[in-house]
>>> print(open('start37.csv').read())   # CSV, C-alpha atoms and all ligand atoms
chain,number,residue,atom,x,y,z
A,1386,MET,CA,-10.7,-19.9,-4.7
A,1387,PRO,CA,-9.8,-16.2,-4.9
A,1388,GLU,CA,-12.1,-14.1,-7.0
A,1389,LEU,CA,-11.4,-10.6,-8.4
A,1390,PRO,CA,-11.4,-8.7,-5.1
A,1391,GLU,CA,-8.9,-11.1,-3.5
A,1392,VAL,CA,-6.7,-11.0,-6.6
A,1393,GLU,CA,-6.9,-7.2,-6.6
A,1394,ILE,CA,-5.8,-7.0,-3.0
A,1395,VAL,CA,-2.9,-9.4,-3.6
A,1396,THR,CA,-2.0,-7.3,-6.7
A,1397,ARG,CA,-2.0,-4.0,-4.8
A,1398,ARG,CA,0.1,-5.5,-2.0
A,1399,LEU,CA,2.6,-7.0,-4.5
A,1400,HIS,CA,2.9,-3.6,-6.2
A,1401,SER,CA,3.6,-1.8,-2.9
A,1402,LEU,CA,6.1,-4.4,-1.9
A,1403,ILE,CA,8.1,-5.1,-5.0
A,1404,ALA,CA,7.7,-2.3,-7.5
A,1405,GLY,CA,11.1,-0.8,-8.2
A,1406,LYS,CA,13.0,-3.8,-7.0
A,1407,THR,CA,15.5,-5.7,-9.1
A,1408,ILE,CA,15.3,-9.5,-9.4
A,1409,ALA,CA,18.7,-11.0,-8.5
A,1410,LYS,CA,17.6,-14.5,-9.5
A,1411,ALA,CA,14.6,-16.7,-9.9
A,1412,ARG,CA,14.0,-20.4,-9.7
A,1413,LEU,CA,11.2,-22.7,-10.8
A,1414,TYR,CA,11.0,-25.8,-8.6
A,1415,ARG,CA,8.0,-27.4,-10.2
A,1416,ALA,CA,8.1,-27.2,-14.0
A,1417,GLY,CA,4.3,-27.7,-14.3
A,1418,LEU,CA,3.7,-24.3,-12.7
A,1419,SER,CA,5.0,-22.6,-15.8
A,1420,PRO,CA,4.4,-25.0,-18.7
A,1421,GLU,CA,5.1,-22.4,-21.4
A,1422,ASN,CA,8.7,-21.7,-20.2
A,1423,THR,CA,11.3,-24.3,-19.4
A,1424,PRO,CA,12.8,-23.9,-15.9
A,1425,ARG,CA,15.9,-22.5,-17.5
A,1426,GLN,CA,14.0,-20.0,-19.5
A,1427,PHE,CA,11.9,-19.0,-16.5
A,1428,GLN,CA,15.1,-18.3,-14.6
A,1429,SER,CA,17.0,-16.5,-17.3
A,1430,LEU,CA,14.0,-14.3,-18.4
A,1431,LEU,CA,13.4,-13.0,-14.9
A,1432,LYS,CA,17.0,-12.6,-13.8
A,1433,ALA,CA,18.4,-9.0,-13.7
A,1434,THR,CA,15.0,-7.4,-14.5
A,1435,THR,CA,13.4,-4.6,-12.5
A,1436,VAL,CA,9.8,-4.7,-11.4
A,1437,ARG,CA,8.1,-1.6,-12.9
A,1438,GLU,CA,4.5,-2.2,-11.9
A,1439,VAL,CA,2.1,-4.9,-10.8
A,1440,THR,CA,-1.4,-4.8,-12.3
A,1441,ARG,CA,-4.4,-7.2,-12.7
A,1442,ARG,CA,-6.3,-8.4,-15.6
A,1443,GLY,CA,-9.3,-10.5,-14.6
A,1444,LYS,CA,-7.9,-13.0,-12.1
A,1445,HIS,CA,-4.4,-12.8,-13.5
A,1446,ILE,CA,-1.7,-10.9,-11.7
A,1447,LEU,CA,0.7,-9.1,-14.1
A,1448,ALA,CA,4.2,-8.2,-12.9
A,1449,HIS,CA,5.5,-5.8,-15.6
A,1450,LEU,CA,9.3,-6.0,-15.7
A,1451,SER,CA,12.1,-4.1,-17.5
A,1452,ARG,CA,13.5,-5.6,-20.7
A,1453,ASN,CA,10.0,-6.0,-22.2
A,1454,ARG,CA,8.9,-8.9,-19.9
A,1455,THR,CA,5.8,-9.6,-17.9
A,1456,LEU,CA,5.3,-12.4,-15.4
A,1457,ILE,CA,1.7,-13.6,-15.4
A,1458,THR,CA,0.4,-15.4,-12.4
A,1459,HIS,CA,-3.0,-17.1,-11.9
A,1460,LEU,CA,-3.5,-18.3,-8.3
A,1461,ARG,CA,-6.3,-20.7,-9.2
A,1462,MET,CA,-7.4,-22.8,-6.2
A,1463,THR,CA,-4.6,-22.5,-3.6
A,1464,GLY,CA,-1.7,-20.5,-5.1
A,1465,ARG,CA,-0.4,-17.7,-2.8
A,1466,PHE,CA,2.6,-15.4,-2.5
A,1467,LEU,CA,4.7,-15.0,0.6
A,1468,TYR,CA,7.1,-12.0,0.8
A,1469,VAL,CA,9.8,-12.9,3.3
A,1470,ALA,CA,13.5,-12.3,4.1
A,1471,GLU,CA,15.9,-14.4,2.1
A,1472,ASP,CA,16.9,-16.5,5.0
A,1473,ALA,CA,13.3,-17.6,5.7
A,1474,ASN,CA,12.5,-21.2,5.2
A,1475,HIS,CA,10.6,-22.3,2.1
A,1476,THR,CA,7.2,-23.7,2.7
A,1477,THR,CA,6.3,-27.4,1.9
A,1478,HIS,CA,4.7,-26.4,-1.4
A,1479,THR,CA,7.1,-23.7,-2.6
A,1480,HIS,CA,7.1,-24.1,-6.4
A,1481,ALA,CA,8.9,-20.9,-7.4
A,1482,VAL,CA,11.1,-18.3,-5.7
A,1483,ILE,CA,12.2,-14.8,-6.8
A,1484,TRP,CA,15.1,-13.3,-5.0
A,1485,PHE,CA,15.5,-9.5,-4.9
A,1486,ASP,CA,18.8,-7.7,-4.6
A,1487,ASP,CA,17.8,-6.2,-1.3
A,1488,GLY,CA,17.7,-9.3,0.8
A,1489,MET,CA,14.0,-10.1,0.4
A,1490,LYS,CA,12.4,-12.9,-1.6
A,1491,LEU,CA,9.0,-13.9,-3.0
A,1492,LEU,CA,7.8,-17.5,-2.6
A,1493,PHE,CA,5.0,-19.0,-4.7
A,1494,ASP,CA,3.3,-21.7,-2.6
A,1495,ASP,CA,0.6,-23.9,-4.0
A,1496,GLN,CA,-0.8,-26.8,-2.1
A,1497,ARG,CA,-3.1,-28.1,-4.9
A,1498,HIS,CA,-0.8,-27.5,-7.9
A,1499,PHE,CA,-3.4,-25.7,-10.0
A,1500,GLY,CA,-1.6,-22.3,-10.1
A,1501,LEU,CA,0.0,-21.1,-13.3
A,1502,MET,CA,2.8,-18.7,-14.2
A,1503,MET,CA,4.1,-17.6,-17.6
A,1504,VAL,CA,6.8,-15.1,-18.6
A,1505,VAL,CA,5.9,-13.3,-21.8
A,1506,ARG,CA,7.1,-10.3,-23.8
A,1507,THR,CA,5.1,-7.4,-22.6
A,1508,GLU,CA,4.1,-6.3,-26.1
A,1509,GLU,CA,2.5,-9.6,-26.7
A,1510,LEU,CA,0.4,-9.5,-23.6
A,1511,ASP,CA,-2.9,-8.8,-25.4
A,1512,ARG,CA,-2.4,-11.8,-27.6
A,1513,VAL,CA,-1.5,-14.3,-24.8
A,1514,LYS,CA,-4.1,-17.1,-24.8
A,1515,PRO,CA,-5.5,-16.7,-21.2
A,1516,LEU,CA,-5.9,-13.0,-21.6
A,1517,ALA,CA,-7.0,-12.5,-25.2
A,1518,LYS,CA,-10.6,-13.5,-24.8
A,1519,LEU,CA,-11.4,-11.9,-21.4
A,1520,ALA,CA,-14.4,-9.6,-21.1
A,1521,PRO,CA,-13.8,-5.9,-20.2
A,1522,GLU,CA,-12.7,-5.1,-16.6
A,1523,PRO,CA,-15.8,-4.5,-14.4
A,1524,PHE,CA,-14.5,-1.1,-13.2
A,1525,SER,CA,-13.8,0.1,-16.8
A,1526,ASN,CA,-16.1,2.2,-19.0
A,1527,ALA,CA,-16.3,-0.7,-21.5
A,1528,PHE,CA,-18.2,-2.7,-18.9
A,1529,SER,CA,-21.4,-0.7,-19.2
A,1530,PRO,CA,-25.0,-1.6,-18.4
A,1531,ARG,CA,-25.5,-1.8,-22.1
A,1532,TYR,CA,-22.6,-4.1,-22.6
A,1533,LEU,CA,-23.9,-6.4,-19.9
A,1534,HIS,CA,-27.4,-6.4,-21.3
A,1535,GLU,CA,-26.3,-7.1,-24.9
A,1536,THR,CA,-23.8,-9.8,-23.8
A,1537,LEU,CA,-26.4,-11.6,-21.7
A,1538,ALA,CA,-29.0,-11.3,-24.5
A,1539,ARG,CA,-26.8,-13.6,-26.6
A,1540,SER,CA,-26.8,-16.4,-24.1
A,1541,ARG,CA,-29.6,-18.9,-23.2
A,1542,GLN,CA,-27.6,-20.2,-20.2
A,1543,PRO,CA,-29.0,-19.7,-16.7
A,1544,ILE,CA,-27.8,-16.2,-15.7
A,1545,LYS,CA,-25.7,-17.5,-12.8
A,1546,LEU,CA,-23.6,-19.6,-15.1
A,1547,ALA,CA,-23.4,-16.8,-17.7
A,1548,LEU,CA,-21.9,-14.6,-15.0
A,1549,LEU,CA,-19.2,-17.1,-14.3
A,1550,ASP,CA,-18.1,-17.1,-17.9
A,1551,GLN,CA,-14.9,-14.9,-18.0
A,1552,THR,CA,-15.4,-14.1,-21.7
A,1553,LYS,CA,-18.7,-12.4,-20.7
A,1554,VAL,CA,-18.0,-10.9,-17.3
A,1555,VAL,CA,-14.6,-10.8,-15.7
A,1556,GLY,CA,-13.8,-11.6,-12.1
A,1557,LEU,CA,-17.0,-13.0,-10.7
A,1558,GLY,CA,-16.8,-16.4,-9.1
A,1559,ASN,CA,-19.2,-18.5,-7.1
A,1560,ILE,CA,-19.5,-16.1,-4.2
A,1561,TYR,CA,-19.9,-12.7,-5.9
A,1562,ALA,CA,-22.1,-14.0,-8.7
A,1563,ALA,CA,-24.6,-15.3,-6.1
A,1564,GLU,CA,-24.3,-12.1,-4.0
A,1565,ALA,CA,-24.8,-9.8,-7.1
A,1566,LEU,CA,-27.9,-11.7,-8.2
A,1567,HIS,CA,-29.4,-11.5,-4.7
A,1568,ARG,CA,-28.8,-7.8,-4.5
A,1569,ALA,CA,-30.3,-7.3,-7.9
A,1570,ARG,CA,-33.3,-9.6,-7.0
A,1571,ILE,CA,-32.7,-11.9,-9.9
A,1572,HIS,CA,-33.3,-15.6,-9.8
A,1573,PRO,CA,-30.1,-17.6,-10.6
A,1574,ARG,CA,-31.9,-19.8,-13.1
A,1575,LEU,CA,-33.4,-17.0,-15.2
A,1576,PRO,CA,-32.2,-17.6,-18.8
A,1577,ALA,CA,-29.7,-14.9,-19.5
A,1578,ASP,CA,-31.4,-13.7,-22.6
A,1579,LYS,CA,-34.6,-13.1,-20.7
A,1580,LEU,CA,-33.1,-10.4,-18.5
A,1581,SER,CA,-34.8,-7.0,-19.3
A,1582,ARG,CA,-32.9,-3.8,-19.8
A,1583,PRO,CA,-33.8,-2.3,-16.4
A,1584,ARG,CA,-32.9,-5.5,-14.6
A,1585,ALA,CA,-29.6,-5.6,-16.5
A,1586,GLU,CA,-28.9,-2.1,-15.3
A,1587,SER,CA,-29.6,-3.1,-11.7
A,1588,LEU,CA,-27.4,-6.2,-12.0
A,1589,HIS,CA,-24.6,-4.1,-13.5
A,1590,ARG,CA,-24.8,-1.7,-10.5
A,1591,GLU,CA,-24.8,-4.5,-8.0
A,1592,ILE,CA,-21.9,-6.4,-9.6
A,1593,VAL,CA,-19.7,-3.3,-9.4
A,1594,ALA,CA,-20.9,-2.5,-5.9
A,1595,VAL,CA,-20.3,-6.0,-4.5
A,1596,LEU,CA,-16.8,-6.1,-6.0
A,1597,ARG,CA,-15.9,-2.7,-4.6
A,1598,GLU,CA,-17.2,-3.5,-1.1
A,1599,ALA,CA,-15.2,-6.8,-1.1
A,1600,ILE,CA,-12.0,-5.0,-2.1
A,1601,ALA,CA,-12.6,-2.3,0.6
A,1602,ASN,CA,-13.0,-5.1,3.2
A,1603,ASP,CA,-9.3,-5.7,3.1
A,1604,ALA,CA,-7.3,-6.4,6.3
A,1605,ALA,CA,-3.8,-5.1,7.1
A,1606,PHE,CA,-0.9,-7.0,5.5
A,1607,ASP,CA,0.6,-9.4,8.0
A,1608,VAL,CA,4.3,-8.6,7.8
A,1609,GLU,CA,5.1,-11.4,10.3
A,1610,SER,CA,3.9,-14.2,8.0
A,1611,GLY,CA,4.6,-12.3,4.8
A,1612,ASP,CA,1.4,-13.9,3.4
A,1613,LEU,CA,-0.2,-11.7,0.8
A,1614,ASP,CA,-3.5,-13.5,0.9
A,1615,THR,CA,-5.0,-12.6,4.4
A,1616,SER,CA,-8.1,-11.3,2.7
A,1617,TYR,CA,-9.4,-14.7,1.7
A,1618,GLY,CA,-12.7,-15.7,3.1
A,1619,ARG,CA,-13.2,-12.3,4.8
A,1620,TYR,CA,-16.1,-11.4,2.6
A,1621,GLU,CA,-17.9,-14.6,3.5
A,1622,ASN,CA,-18.7,-13.0,6.8
A,1623,LEU,CA,-20.6,-10.2,5.0
A,1624,ALA,CA,-22.3,-12.4,2.5
A,1625,ARG,CA,-26.1,-12.1,2.2
A,1626,VAL,CA,-26.7,-15.6,0.6
A,1627,TYR,CA,-23.4,-17.4,0.0
A,1628,GLU,CA,-23.2,-20.5,2.3
A,1629,ARG,CA,-26.3,-19.3,4.2
A,1630,GLU,CA,-28.6,-22.2,3.3
A,1631,GLY,CA,-31.6,-22.3,5.7
A,1632,GLN,CA,-30.7,-19.0,7.4
A,1633,PRO,CA,-33.1,-16.1,7.1
A,1634,CYS,CA,-32.8,-13.7,4.2
A,1635,HIS,CA,-31.6,-10.3,5.5
A,1636,THR,CA,-34.2,-8.6,3.4
A,1637,CYS,CA,-37.4,-10.7,3.9
A,1638,GLY,CA,-36.6,-13.4,6.5
A,1639,LYS,CA,-37.4,-16.3,4.2
A,1640,PRO,CA,-34.8,-19.2,4.5
A,1641,ILE,CA,-32.0,-19.0,1.9
A,1642,ARG,CA,-32.1,-21.9,-0.5
A,1643,ARG,CA,-29.2,-23.8,-2.1
A,1644,VAL,CA,-29.4,-25.4,-5.6
A,1645,THR,CA,-26.7,-26.9,-7.8
A,1646,GLN,CA,-25.8,-25.3,-11.1
A,1647,GLY,CA,-23.0,-26.4,-13.3
A,1648,GLY,CA,-21.9,-28.8,-10.5
A,1649,ARG,CA,-21.5,-25.9,-8.0
A,1650,SER,CA,-23.8,-24.6,-5.2
A,1651,THR,CA,-25.9,-21.5,-5.8
A,1652,TYR,CA,-27.6,-19.7,-2.9
A,1653,PHE,CA,-30.6,-17.5,-3.3
A,1654,CYS,CA,-33.7,-16.2,-1.6
A,1655,PRO,CA,-36.9,-17.8,-3.2
A,1656,ARG,CA,-39.0,-14.7,-2.2
A,1657,CYS,CA,-36.7,-11.8,-3.2
A,1658,GLN,CA,-35.2,-13.3,-6.4
A,1659,ARG,CA,-37.7,-13.6,-9.2
A,1660,ARG,CA,-37.3,-15.2,-12.6
B,1701,ZN,ZN,-35.5,-12.5,0.7
>>> encode(input="start37.csv", output="structure tokens")
Amino acid sequence: MPELPEVEIVTRRLHSLIAGKTIAKARLYRAGLSPENTPRQFQSLLKATTVREVTRRGKHILAHLSRNRTLITHLRMTGRFLYVAEDANHTTHTHAVIWFDDGMKLLFDDQRHFGLMMVVRTEELDRVKPLAKLAPEPFSNAFSPRYLHETLARSRQPIKLALLDQTKVVGLGNIYAAEALHRARIHPRLPADKLSRPRAESLHREIVAVLREAIANDAAFDVESGDLDTSYGRYENLARVYEREGQPCHTCGKPIRRVTQGGRSTYFCPRCQRR
């Protein structure tokens, strides 16, 4: 599942590929992809608009269009964009297509059907349900060490689970939450409200650092396939704990342990990471 760095990379690529282009037509092939719009609405709202800018909020990709419209996309598990020539075949799981007036098209492919799209009025963006309650962006000034400490101090959840809550911290998923905790030497089961101020500052620094490193670890866009998601899984090669159960900790050599939290695996070093 893509986390913030992967979504950021897709967002930047989309922006560089489609900003300034005019949408000739759009089609929704699976109505469930955009439950808030009927297929007819989806098509008519996108048609004849121009893409002004593509930005990201949390794990949502926002294509800001002319005529006060924004297309919101959440990739979820397996959603991906392909940017190809208009005569290219659709994939087996193409659920929406946007044709531009220059002979290119954007396919939305989603094998597992969890992806979501929504066309909204741009001025209503802050009030749209999935965006309204999101925590501040991790690279913004609002996401300060103080914010993180005060937010975690209100939760008795194990810290790993608190970090996955998008209303507290935006953009961390299973990989980067585990990595940030290891780098900050914090045990994943530490109750969030027991985190001291200095340790919250350290965690804040490591969250920002790990996300920045993952974004910088981008590969070149593969024009041949048109797939905007070639960054997926790349960071796993650099991971210090994620999916490294039984392998030595890079810091101390002790085998990395795996435990289950909230139904998902958490990886940590029992020596480096204290409660
Ligand atoms: Zn260690």
>>> closest_residue(input="start37.csv", among="A:Arg1570, A:His1478, A:Arg1597, A:Arg1584", to="ligand ZN 1701 (chain B)", atoms="only C-alpha atoms and all ligand atoms")
A:Arg1570
>>> closest_residue(input="start37.csv", among="A:Met1502, A:Ser1650, A:Val1593, A:Cys1657", to="Gly1638 of chain A", atoms="all atoms listed in the file")
A:Cys1657
>>> residues_near_ligand(input="start37.csv", ligand="ligand ZN 1701 (chain B)", cutoff="6 Å", atoms="only C-alpha atoms and all ligand atoms", output="PDB file with C-alpha atoms, keeping the file's coordinate frame")
ATOM      1  CA  CYS A1634     -32.800 -13.700   4.200  1.00  0.00           C
ATOM      2  CA  THR A1636     -34.200  -8.600   3.400  1.00  0.00           C
ATOM      3  CA  CYS A1637     -37.400 -10.700   3.900  1.00  0.00           C
ATOM      4  CA  GLY A1638     -36.600 -13.400   6.500  1.00  0.00           C
ATOM      5  CA  LYS A1639     -37.400 -16.300   4.200  1.00  0.00           C
ATOM      6  CA  CYS A1654     -33.700 -16.200  -1.600  1.00  0.00           C
ATOM      7  CA  ARG A1656     -39.000 -14.700  -2.200  1.00  0.00           C
ATOM      8  CA  CYS A1657     -36.700 -11.800  -3.200  1.00  0.00           C
TER       9      CYS A1657
END
>>> residues_around(input="start37.csv", residues="Ser1540 of chain A", least_positions_apart="3", cutoff="12 Å", atoms="all atoms listed in the file", output="MDAnalysis selection string")
chainID A and resid 1533:1537 1543:1548 1550 1552:1553 1575:1580
>>> residues_around(input="start37.csv", residues="Gly1464 of chain A", least_positions_apart="6", cutoff="10 Å", atoms="only C-alpha atoms", output="list in words")
Met1386, Pro1387, Thr1458, His1478, Thr1479, His1480, Phe1493, Asp1494, Asp1495, Gln1496, Arg1497, His1498, Phe1499, Gly1500, Leu1501 and Asp1614 of chain A
>>> atom_distance(input="start37.csv", atom1="atom CA of Lys1444 of chain A", atom2="atom CA of Leu1549 of chain A")
12.2 Å
>>> residues_around(input="start37.csv", residues="Phe1427 of chain A", least_positions_apart="3", cutoff="12 Å", atoms="only C-alpha atoms", output="JSON, numbers by chain")
{"A": [1410, 1411, 1412, 1413, 1414, 1415, 1416, 1417, 1418, 1419, 1420, 1421, 1422, 1423, 1424, 1430, 1431, 1432, 1454, 1455, 1456, 1457, 1481, 1482, 1483, 1502, 1503, 1504, 1505]}
>>> atom_distance(input="start37.csv", atom1="atom CA of Leu1492 of chain A", atom2="atom CA of Ala1404 of chain A")
16.0 Å
>>> residues_around(input="start37.csv", residues="Asp1603 of chain A", least_positions_apart="3", cutoff="12 Å", atoms="all atoms listed in the file", output="list in words")
Pro1390, Glu1391, Val1392, Glu1393, Ile1394, Val1395, Arg1397, Arg1398, Leu1596, Arg1597, Glu1598, Ala1599, Ile1600, Phe1606, Asp1607, Leu1613, Asp1614, Thr1615, Ser1616, Tyr1617, Gly1618, Arg1619 and Tyr1620 of chain A
>>> decode(input="start37.csv", residues="segment 1442-1461 of chain A", atoms="N, CA, C and O atoms", output="short mmCIF file (atom, residue, chain, number, x, y, z; two decimals), in the first residue's frame")
data_model
loop_
_atom_site.label_atom_id
_atom_site.label_comp_id
_atom_site.auth_asym_id
_atom_site.auth_seq_id
_atom_site.Cartn_x
_atom_site.Cartn_y
_atom_site.Cartn_z
N ARG A 1442 -2.67 15.92 -0.42
CA ARG A 1442 -3.05 16.18 0.98
C ARG A 1442 -3.14 14.82 1.65
O ARG A 1442 -4.00 14.01 1.28
N GLY A 1443 -2.24 14.54 2.61
CA GLY A 1443 -2.17 13.20 3.17
C GLY A 1443 -1.86 12.24 2.04
O GLY A 1443 -0.96 12.46 1.24
N LYS A 1444 -2.64 11.16 1.95
CA LYS A 1444 -2.43 10.21 0.85
C LYS A 1444 -3.42 10.45 -0.30
O LYS A 1444 -3.63 9.58 -1.14
N HIS A 1445 -4.03 11.64 -0.32
CA HIS A 1445 -4.96 11.98 -1.39
C HIS A 1445 -4.25 12.80 -2.46
O HIS A 1445 -3.54 13.75 -2.14
N ILE A 1446 -4.49 12.46 -3.72
CA ILE A 1446 -3.94 13.22 -4.83
C ILE A 1446 -5.03 14.18 -5.32
O ILE A 1446 -6.16 13.74 -5.58
N LEU A 1447 -4.70 15.47 -5.40
CA LEU A 1447 -5.70 16.47 -5.77
C LEU A 1447 -5.33 17.09 -7.11
O LEU A 1447 -4.33 17.81 -7.21
N ALA A 1448 -6.13 16.81 -8.13
CA ALA A 1448 -5.93 17.46 -9.43
C ALA A 1448 -6.87 18.66 -9.49
O ALA A 1448 -8.09 18.51 -9.59
N HIS A 1449 -6.28 19.85 -9.36
CA HIS A 1449 -7.08 21.08 -9.38
C HIS A 1449 -7.33 21.47 -10.83
O HIS A 1449 -6.38 21.64 -11.60
N LEU A 1450 -8.60 21.64 -11.17
CA LEU A 1450 -8.99 21.90 -12.55
C LEU A 1450 -9.59 23.29 -12.67
O LEU A 1450 -9.92 23.92 -11.65
N SER A 1451 -9.72 23.74 -13.90
CA SER A 1451 -10.42 25.01 -14.12
C SER A 1451 -11.89 24.80 -13.78
O SER A 1451 -12.33 23.68 -13.50
N ARG A 1452 -12.68 25.86 -13.82
CA ARG A 1452 -14.11 25.81 -13.54
C ARG A 1452 -14.41 25.35 -12.11
O ARG A 1452 -15.42 24.69 -11.85
N ASN A 1453 -13.44 25.65 -11.17
CA ASN A 1453 -13.71 25.43 -9.75
C ASN A 1453 -13.93 23.95 -9.41
O ASN A 1453 -14.76 23.60 -8.59
N ARG A 1454 -13.16 23.07 -10.08
CA ARG A 1454 -13.33 21.64 -9.80
C ARG A 1454 -12.00 21.02 -9.38
O ARG A 1454 -10.94 21.42 -9.85
N THR A 1455 -12.10 20.02 -8.51
CA THR A 1455 -10.92 19.26 -8.11
C THR A 1455 -11.26 17.78 -8.15
O THR A 1455 -12.31 17.37 -7.64
N LEU A 1456 -10.38 17.02 -8.76
CA LEU A 1456 -10.52 15.56 -8.77
C LEU A 1456 -9.65 15.00 -7.66
O LEU A 1456 -8.43 15.17 -7.67
N ILE A 1457 -10.29 14.35 -6.69
CA ILE A 1457 -9.56 13.74 -5.56
C ILE A 1457 -9.38 12.25 -5.87
O ILE A 1457 -10.34 11.58 -6.26
N THR A 1458 -8.18 11.75 -5.69
CA THR A 1458 -7.94 10.31 -5.88
C THR A 1458 -7.22 9.75 -4.66
O THR A 1458 -6.24 10.33 -4.19
N HIS A 1459 -7.71 8.63 -4.15
CA HIS A 1459 -6.98 7.88 -3.13
C HIS A 1459 -6.64 6.52 -3.73
O HIS A 1459 -7.54 5.78 -4.13
N LEU A 1460 -5.36 6.19 -3.79
CA LEU A 1460 -4.93 4.96 -4.46
C LEU A 1460 -5.27 3.71 -3.66
O LEU A 1460 -5.41 2.63 -4.23
N ARG A 1461 -5.38 3.88 -2.31
CA ARG A 1461 -5.62 2.75 -1.40
C ARG A 1461 -4.62 1.62 -1.66
O ARG A 1461 -3.44 1.87 -1.71
#
